[in-house]
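Visitor: My structure is stored as final-v4.cif, with mmCIF, C-alpha atoms and all ligand atoms; chains and numbers go by the auth columns.
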data_run
#
loop_
_atom_site.group_PDB
_atom_site.id
_atom_site.type_symbol
_atom_site.label_atom_id
_atom_site.label_comp_id
_atom_site.label_asym_id
_atom_site.label_seq_id
_atom_site.Cartn_x
_atom_site.Cartn_y
_atom_site.Cartn_z
_atom_site.B_iso_or_equiv
_atom_site.auth_seq_id
_atom_site.auth_asym_id
ATOM 1 C CA MET A 1 109.190 88.942 109.896 0.00 3 A
ATOM 2 C CA TYR A 2 110.603 90.234 106.619 0.00 4 A
ATOM 3 C CA ASP A 3 108.043 90.888 103.915 0.00 5 A
ATOM 4 C CA PHE A 4 109.692 91.636 100.589 0.00 6 A
ATOM 5 C CA ALA A 5 106.919 90.368 98.320 0.00 7 A
ATOM 6 C CA PRO A 6 107.749 91.282 94.726 0.00 8 A
ATOM 7 C CA ALA A 7 105.161 93.113 92.627 0.00 9 A
ATOM 8 C CA ASP A 8 103.999 90.739 89.869 0.00 10 A
ATOM 9 C CA THR A 9 103.881 93.244 86.983 0.00 11 A
ATOM 10 C CA GLY A 10 106.063 91.426 84.418 0.00 12 A
ATOM 11 C CA ASP A 11 108.412 94.442 84.405 0.00 13 A
ATOM 12 C CA LYS A 12 111.853 92.813 84.740 0.00 14 A
ATOM 13 C CA PRO A 13 113.929 95.963 85.353 0.00 15 A
ATOM 14 C CA ALA A 14 111.466 96.965 88.105 0.00 16 A
ATOM 15 C CA LEU A 15 111.601 93.447 89.560 0.00 17 A
ATOM 16 C CA TYR A 16 115.402 93.568 89.716 0.00 18 A
ATOM 17 C CA ARG A 17 115.380 97.073 91.234 0.00 19 A
ATOM 18 C CA ASP A 18 113.077 95.726 93.969 0.00 20 A
ATOM 19 C CA LEU A 19 115.282 92.653 94.408 0.00 21 A
ATOM 20 C CA GLU A 20 118.403 94.832 94.753 0.00 22 A
ATOM 21 C CA SER A 21 116.645 96.983 97.390 0.00 23 A
ATOM 22 C CA ALA A 22 115.603 93.861 99.286 0.00 24 A
ATOM 23 C CA VAL A 23 119.139 92.409 99.157 0.00 25 A
ATOM 24 C CA ARG A 24 120.588 95.723 100.402 0.00 26 A
ATOM 25 C CA ALA A 25 118.033 95.968 103.196 0.00 27 A
ATOM 26 C CA ILE A 26 118.294 92.388 104.449 0.00 28 A
ATOM 27 C CA THR A 27 122.120 92.366 104.511 0.00 29 A
ATOM 28 C CA ASP A 28 122.565 95.936 105.798 0.00 30 A
ATOM 29 C CA GLY A 29 124.755 95.981 108.904 0.00 31 A
ATOM 30 C CA GLU A 30 124.970 92.180 109.080 0.00 32 A
ATOM 31 C CA ARG A 31 128.504 90.794 108.934 0.00 33 A
ATOM 32 C CA ASP A 32 127.763 87.067 108.979 0.00 34 A
ATOM 33 C CA ALA A 33 128.366 85.699 105.482 0.00 35 A
ATOM 34 C CA VAL A 34 126.309 82.521 105.933 0.00 36 A
ATOM 35 C CA ALA A 35 123.309 84.470 107.214 0.00 37 A
ATOM 36 C CA ASN A 36 123.544 86.916 104.309 0.00 38 A
ATOM 37 C CA MET A 37 123.893 84.183 101.671 0.00 39 A
ATOM 38 C CA ALA A 38 120.997 82.235 103.210 0.00 40 A
ATOM 39 C CA ASN A 39 118.659 85.227 103.156 0.00 41 A
ATOM 40 C CA CYS A 40 119.717 86.163 99.619 0.00 42 A
ATOM 41 C CA ALA A 41 119.132 82.599 98.349 0.00 43 A
ATOM 42 C CA ALA A 42 115.629 82.821 99.838 0.00 44 A
ATOM 43 C CA LEU A 43 115.026 86.272 98.274 0.00 45 A
ATOM 44 C CA LEU A 44 116.122 85.036 94.843 0.00 46 A
ATOM 45 C CA ALA A 45 113.737 82.073 95.118 0.00 47 A
ATOM 46 C CA GLU A 46 110.922 84.372 96.204 0.00 48 A
ATOM 47 C CA PHE A 47 111.434 87.121 93.615 0.00 49 A
ATOM 48 C CA LEU A 48 112.306 85.142 90.489 0.00 50 A
ATOM 49 C CA PRO A 49 109.681 82.875 88.898 0.00 51 A
ATOM 50 C CA ASP A 50 110.466 79.503 87.294 0.00 52 A
ATOM 51 C CA LEU A 51 113.523 78.560 89.358 0.00 53 A
ATOM 52 C CA ASN A 52 114.235 75.104 90.748 0.00 54 A
ATOM 53 C CA TRP A 53 117.510 76.070 92.474 0.00 55 A
ATOM 54 C CA SER A 54 118.976 79.353 93.725 0.00 56 A
ATOM 55 C CA GLY A 55 122.039 79.673 95.866 0.00 57 A
ATOM 56 C CA PHE A 56 125.755 80.018 96.373 0.00 58 A
ATOM 57 C CA TYR A 57 128.990 78.146 95.869 0.00 59 A
ATOM 58 C CA ARG A 58 131.931 79.623 97.784 0.00 60 A
ATOM 59 C CA MET A 59 135.607 79.669 96.767 0.00 61 A
ATOM 60 C CA VAL A 60 137.383 77.561 99.372 0.00 62 A
ATOM 61 C CA GLY A 61 141.052 77.021 98.519 0.00 63 A
ATOM 62 C CA ASP A 62 141.135 76.095 94.847 0.00 64 A
ATOM 63 C CA GLU A 63 137.588 74.743 94.490 0.00 65 A
ATOM 64 C CA LEU A 64 133.952 75.756 94.853 0.00 66 A
ATOM 65 C CA VAL A 65 132.082 74.418 97.885 0.00 67 A
ATOM 66 C CA LEU A 66 128.301 74.398 98.264 0.00 68 A
ATOM 67 C CA GLY A 67 126.869 77.305 100.240 0.00 69 A
ATOM 68 C CA PRO A 68 123.360 78.319 101.317 0.00 70 A
ATOM 69 C CA PHE A 69 120.665 77.556 98.747 0.00 71 A
ATOM 70 C CA VAL A 70 116.982 76.906 98.100 0.00 72 A
ATOM 71 C CA GLY A 71 116.308 73.745 96.110 0.00 73 A
ATOM 72 C CA ARG A 72 117.154 70.066 95.999 0.00 74 A
ATOM 73 C CA PRO A 73 120.353 68.803 97.630 0.00 75 A
ATOM 74 C CA ALA A 74 123.259 69.548 95.267 0.00 76 A
ATOM 75 C CA CYS A 75 126.807 68.429 94.539 0.00 77 A
ATOM 76 C CA ILE A 76 129.128 69.711 97.252 0.00 78 A
ATOM 77 C CA ARG A 77 132.483 70.397 95.571 0.00 79 A
ATOM 78 C CA ILE A 78 133.098 71.712 92.051 0.00 80 A
ATOM 79 C CA PRO A 79 136.680 72.017 90.731 0.00 81 A
ATOM 80 C CA LEU A 80 137.568 75.313 89.035 0.00 82 A
ATOM 81 C CA GLY A 81 136.907 75.112 85.304 0.00 83 A
ATOM 82 C CA GLN A 82 134.300 72.348 85.591 0.00 84 A
ATOM 83 C CA GLY A 83 130.594 72.734 84.927 0.00 85 A
ATOM 84 C CA VAL A 84 128.860 76.070 84.569 0.00 86 A
ATOM 85 C CA CYS A 85 129.800 77.209 88.077 0.00 87 A
ATOM 86 C CA GLY A 86 133.448 76.190 87.755 0.00 88 A
ATOM 87 C CA THR A 87 133.692 77.943 84.383 0.00 89 A
ATOM 88 C CA ALA A 88 132.220 81.183 85.770 0.00 90 A
ATOM 89 C CA ALA A 89 134.605 81.067 88.740 0.00 91 A
ATOM 90 C CA ALA A 90 137.703 80.183 86.688 0.00 92 A
ATOM 91 C CA GLU A 91 137.042 82.893 84.109 0.00 93 A
ATOM 92 C CA ALA A 92 135.605 85.466 86.581 0.00 94 A
ATOM 93 C CA ARG A 93 132.643 86.145 84.339 0.00 95 A
ATOM 94 C CA SER A 94 128.923 85.448 84.195 0.00 96 A
ATOM 95 C CA VAL A 95 127.881 82.343 82.242 0.00 97 A
ATOM 96 C CA LEU A 96 124.377 82.194 80.802 0.00 98 A
ATOM 97 C CA VAL A 97 123.310 78.786 79.471 0.00 99 A
ATOM 98 C CA GLU A 98 120.079 78.577 77.480 0.00 100 A
ATOM 99 C CA ASP A 99 120.150 74.765 77.303 0.00 101 A
ATOM 100 C CA VAL A 100 122.240 72.909 79.861 0.00 102 A
ATOM 101 C CA HIS A 101 122.191 69.760 77.714 0.00 103 A
ATOM 102 C CA ALA A 102 124.187 71.668 75.109 0.00 104 A
ATOM 103 C CA PHE A 103 126.823 72.903 77.621 0.00 105 A
ATOM 104 C CA PRO A 104 129.844 70.576 77.598 0.00 106 A
ATOM 105 C CA GLY A 105 130.622 69.440 81.142 0.00 107 A
ATOM 106 C CA HIS A 106 127.402 70.677 82.708 0.00 108 A
ATOM 107 C CA ILE A 107 127.048 69.116 86.168 0.00 109 A
ATOM 108 C CA ALA A 108 123.479 67.841 86.585 0.00 110 A
ATOM 109 C CA CYS A 109 122.493 68.256 90.242 0.00 111 A
ATOM 110 C CA ASP A 110 118.767 68.205 89.459 0.00 112 A
ATOM 111 C CA ALA A 111 117.604 66.425 86.309 0.00 113 A
ATOM 112 C CA ALA A 112 114.797 68.996 86.010 0.00 114 A
ATOM 113 C CA SER A 113 117.221 71.854 85.262 0.00 115 A
ATOM 114 C CA ARG A 114 117.160 73.025 81.633 0.00 116 A
ATOM 115 C CA SER A 115 118.773 76.480 81.784 0.00 117 A
ATOM 116 C CA GLU A 116 121.206 78.157 84.146 0.00 118 A
ATOM 117 C CA LEU A 117 122.777 81.516 85.041 0.00 119 A
ATOM 118 C CA VAL A 118 125.943 81.730 87.118 0.00 120 A
ATOM 119 C CA VAL A 119 127.387 85.089 88.236 0.00 121 A
ATOM 120 C CA PRO A 120 130.647 85.523 90.163 0.00 122 A
ATOM 121 C CA VAL A 121 130.818 87.568 93.350 0.00 123 A
ATOM 122 C CA MET A 122 134.114 89.475 93.322 0.00 124 A
ATOM 123 C CA HIS A 123 136.015 91.065 96.202 0.00 125 A
ATOM 124 C CA ASP A 124 139.333 92.899 95.754 0.00 126 A
ATOM 125 C CA GLY A 125 139.607 91.508 92.230 0.00 127 A
ATOM 126 C CA ALA A 126 139.149 87.860 93.260 0.00 128 A
ATOM 127 C CA VAL A 127 136.184 85.520 92.903 0.00 129 A
ATOM 128 C CA ILE A 128 134.897 84.755 96.414 0.00 130 A
ATOM 129 C CA ALA A 129 131.675 82.956 95.447 0.00 131 A
ATOM 130 C CA VAL A 130 129.233 82.402 92.614 0.00 132 A
ATOM 131 C CA ILE A 131 125.478 82.899 92.547 0.00 133 A
ATOM 132 C CA ASP A 132 123.851 79.945 90.744 0.00 134 A
ATOM 133 C CA LEU A 133 120.300 80.020 89.380 0.00 135 A
ATOM 134 C CA ASP A 134 118.711 76.976 87.716 0.00 136 A
ATOM 135 C CA SER A 135 115.394 76.779 85.886 0.00 137 A
ATOM 136 C CA PRO A 136 113.310 73.904 84.539 0.00 138 A
ATOM 137 C CA ALA A 137 112.446 76.162 81.561 0.00 139 A
ATOM 138 C CA LEU A 138 114.637 76.337 78.448 0.00 140 A
ATOM 139 C CA ALA A 139 116.251 79.768 77.921 0.00 141 A
ATOM 140 C CA ARG A 140 114.741 81.100 81.158 0.00 142 A
ATOM 141 C CA PHE A 141 117.509 83.690 81.603 0.00 143 A
ATOM 142 C CA GLY A 142 118.452 86.640 79.386 0.00 144 A
ATOM 143 C CA ALA A 143 120.505 89.810 79.428 0.00 145 A
ATOM 144 C CA GLU A 144 118.182 91.576 81.910 0.00 146 A
ATOM 145 C CA ASP A 145 118.491 88.668 84.330 0.00 147 A
ATOM 146 C CA GLN A 146 122.265 88.648 83.977 0.00 148 A
ATOM 147 C CA ALA A 147 122.500 92.409 84.610 0.00 149 A
ATOM 148 C CA GLY A 148 120.156 92.124 87.606 0.00 150 A
ATOM 149 C CA ILE A 149 122.067 89.280 89.227 0.00 151 A
ATOM 150 C CA GLU A 150 125.391 91.035 88.542 0.00 152 A
ATOM 151 C CA ALA A 151 124.009 94.033 90.460 0.00 153 A
ATOM 152 C CA VAL A 152 123.106 91.711 93.346 0.00 154 A
ATOM 153 C CA ALA A 153 126.620 90.210 93.236 0.00 155 A
ATOM 154 C CA ALA A 154 128.138 93.705 93.407 0.00 156 A
ATOM 155 C CA ILE A 155 126.096 94.484 96.550 0.00 157 A
ATOM 156 C CA LEU A 156 127.302 91.246 98.150 0.00 158 A
ATOM 157 C CA SER A 157 130.975 91.893 97.364 0.00 159 A
ATOM 158 C CA ASP A 158 131.721 93.075 100.906 0.00 160 A
ATOM 159 C CA ARG A 159 128.754 91.411 102.654 0.00 161 A
ATOM 160 C CA ILE A 160 129.613 87.689 102.349 0.00 162 A
HETATM 161 N N1 LIG B . 124.792 72.816 87.214 0.00 201 A
HETATM 162 C C1 LIG B . 125.921 73.354 87.950 0.00 201 A
HETATM 163 C C2 LIG B . 126.170 72.598 89.209 0.00 201 A
HETATM 164 C C3 LIG B . 125.474 73.160 90.391 0.00 201 A
HETATM 165 S S1 LIG B . 123.845 72.812 90.438 0.00 201 A
HETATM 166 O O1 LIG B . 123.174 73.356 89.260 0.00 201 A
HETATM 167 C C4 LIG B . 123.135 73.369 91.816 0.00 201 A
HETATM 168 C C5 LIG B . 127.168 73.367 87.076 0.00 201 A
HETATM 169 O O2 LIG B . 127.197 72.791 85.984 0.00 201 A
HETATM 170 O O3 LIG B . 128.142 73.953 87.522 0.00 201 A
#
For the structure just supplied, provide its representation as structure tokens.
Guide:
Amino acid sequence: MYDFAPADTGDKPALYRDLESAVRAITDGERDAVANMANCAALLAEFLPDLNWSGFYRMVGDELVLGPFVGRPACIRIPLGQGVCGTAAAEARSVLVEDVHAFPGHIACDAASRSELVVPVMHDGAVIAVIDLDSPALARFGAEDQAGIEAVAAILSDRI
């Protein structure tokens, strides 16, 4: 059994430091990308409050394809440049959306989602996947969340 229960102190930098340690520990020495993405999706859901979806889309050819996640069943294929995930992948940058209803082309997989953070996972200069977090709360994600998830993405660069 893995027990990575986050401390509930309201200290976001501390929460993300703990999350990064947990991601490092659970993927250490494991080469299977699906196993590592699955455990990381579960860790994100466990550590971060107010999420309704946490998981991965993988670059397969010239599109994003659904990977391991925690949440409701989601759309399977996202063309580059479409939606929040496709924009993050096409532009190789994090996209933070305070209100998904105000994001042109947002792809609604779960009608409950109100805000979203998508962070690319890069390897050798190319996007290999994106981490997608959805929340039912407006403006759930901020700069600390973006920096924390970017640190997680950097750890996963050669582990997925
Ligand atoms: N909302 C995303 C699609 C993926 S789901 O949120 C799981 C988007 O616009 O890319």
Visitor: What does the structure give for the distance between atom S1 of ligand LIG 201 (chain A) and atom CA of A:Thr11, in Å to one decimal?
Guide: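 For atom S1 of ligand LIG 201 (chain A) relative to atom CA of A:Thr11, the distance reads 28.8 Å.
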Visitor: Could you give me, as a list in words, the residues within 12 Å of A:Cys77, counting all atoms listed in the file and dropping anything in the same chain fewer than 4 positions from it?
Guide: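 Non-adjacent residues within range: Phe58, Tyr59, Leu66, Val67, Leu68, Gly69, Phe71, Gly73, Pro81, Gly85, Cys87, Ile109, Ala110, Cys111 and Asp112 of chain A.
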Visitor: Using all atoms listed in the file, find the one residue out of A:Gly150, A:Pro106, A:Gly83, A:Gly63 that sits nearest to A:Leu50.
Guide: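 Checking each of A:Gly150, A:Pro106, A:Gly83, A:Gly63 against A:Leu50, counting all atoms listed in the file, the winner is A:Gly150.
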Visitor: What does the PyMOL selection byres (((chain A and resi 146) around 12) and not hetatm) select in this file, as number ranges by chain?
Guide: A: 13-19, 98, 119, 142-145, 147-153
Visitor: List the neighbours of A:Met124 out to 9 Å using only C-alpha atoms; skip same-chain residues closer than 6 positions along the sequence, and give me the result as a list in words.
Guide: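 Near neighbours after the sequence-gap exclusion: Ala94, Ile130, Ala131, Val132, Ala155, Ala156, Leu158, Ser159 and Asp160 of chain A.
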Visitor: Taking every listed atom of ligand LIG 201 (chain A) and adding 8 Å to each side, what centre and edge lengths in Å (one decimal) does the axis-aligned box have, as lines of an AutoDock Vina configuration file?
Guide:
center_x = 125.6
center_y = 73.3
center_z = 88.9
size_x = 21.0
size_y = 17.4
size_z = 21.8
Visitor: Around the point (114.5, 67.7, 84.9) in the file's coordinates, collect all residues with an atom within 12 Å, using all atoms listed in the file, and return them as a list in words.
Guide: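 All residues meeting the 12 Å criterion around (114.5, 67.7, 84.9) are Leu53, Asn54, Trp55, Arg74, Asp101, Val102, His103, Ala110, Cys111, Asp112, Ala113, Ala114, Ser115, Arg116, Ser117, Asp136, Ser137, Pro138, Ala139 and Leu140 of chain A.
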Visitor: Measuring between all atoms listed in the file, which one of A:Ala7, A:Arg60, A:Val25, A:Ile162 shows the shortest distance to A:Met39?
Guide: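 Of A:Ala7, A:Arg60, A:Val25, A:Ile162, the one nearest A:Met39 is A:Ile162, counting all atoms listed in the file.
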Visitor: With distances taken over all atoms listed in the file, which of A:Gly88, A:Gly57, A:Arg161, A:Asp20 is nearest to A:Glu32?
Guide: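 Distance minimum relative to A:Glu32 lands on A:Arg161.
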Visitor: So, counting only C-alpha atoms and all ligand atoms, which residue among A:Ile133, A:Val99, A:Val86, A:Val123 is closest to ligand LIG 201 (chain A)?
Guide: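 The closest residue to ligand LIG 201 (chain A) is A:Val86.
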Visitor: Quick one: pull the distance between atom C4 of ligand LIG 201 (chain A) and atom CA of A:Asp134, Å, one decimal.
Guide: 6.7 Å
Visitor: Extract, using only C-alpha atoms, all DNA, RNA and protein residues at most 9 Å from A:Asn41, discarding same-chain residues fewer than 5 positions from it, and format them as a list in words.
Guide: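 So the residues in contact are Val25, Ile28, Thr29, Val36, Leu46 and Pro70 of chain A.
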Visitor: Place N, CA, C and O atoms on stretch 113-125 of chain A and deliver the coordinates as a CSV table (one decimal), in the coordinates of the input.
Guide:
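Written out: part_20.csv:
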chain,number,residue,atom,x,y,z
A,113,ALA,N,117.9,66.8,87.7
A,113,ALA,CA,117.6,66.4,86.3
A,113,ALA,C,116.6,67.4,85.7
A,113,ALA,O,116.5,67.5,84.5
A,114,ALA,N,115.8,68.1,86.5
A,114,ALA,CA,114.8,69.0,86.0
A,114,ALA,C,115.4,70.3,85.4
A,114,ALA,O,114.7,71.0,84.6
A,115,SER,N,116.6,70.6,85.7
A,115,SER,CA,117.2,71.9,85.3
A,115,SER,C,117.4,71.8,83.8
A,115,SER,O,118.0,70.9,83.2
A,116,ARG,N,117.0,72.9,83.1
A,116,ARG,CA,117.2,73.0,81.6
A,116,ARG,C,118.0,74.3,81.3
A,116,ARG,O,118.6,74.3,80.2
A,117,SER,N,117.9,75.3,82.1
A,117,SER,CA,118.8,76.5,81.8
A,117,SER,C,119.4,77.0,83.1
A,117,SER,O,118.9,76.7,84.2
A,118,GLU,N,120.4,77.8,82.9
A,118,GLU,CA,121.2,78.2,84.1
A,118,GLU,C,121.9,79.5,83.9
A,118,GLU,O,122.3,79.8,82.8
A,119,LEU,N,122.0,80.3,85.0
A,119,LEU,CA,122.8,81.5,85.0
A,119,LEU,C,123.7,81.5,86.3
A,119,LEU,O,123.2,81.3,87.4
A,120,VAL,N,125.0,81.7,86.0
A,120,VAL,CA,125.9,81.7,87.1
A,120,VAL,C,126.7,83.0,87.0
A,120,VAL,O,127.2,83.4,86.0
A,121,VAL,N,126.8,83.8,88.2
A,121,VAL,CA,127.4,85.1,88.2
A,121,VAL,C,128.4,85.1,89.4
A,121,VAL,O,128.1,84.7,90.5
A,122,PRO,N,129.6,85.5,89.1
A,122,PRO,CA,130.6,85.5,90.2
A,122,PRO,C,130.4,86.7,91.1
A,122,PRO,O,130.0,87.8,90.7
A,123,VAL,N,130.8,86.5,92.4
A,123,VAL,CA,130.8,87.6,93.4
A,123,VAL,C,132.3,87.9,93.6
A,123,VAL,O,133.1,87.0,93.9
A,124,MET,N,132.7,89.1,93.3
A,124,MET,CA,134.1,89.5,93.3
A,124,MET,C,134.4,90.3,94.6
A,124,MET,O,133.5,91.1,95.0
A,125,HIS,N,135.6,90.2,95.1
A,125,HIS,CA,136.0,91.1,96.2
A,125,HIS,C,137.5,91.3,96.0
A,125,HIS,O,138.3,90.3,96.0
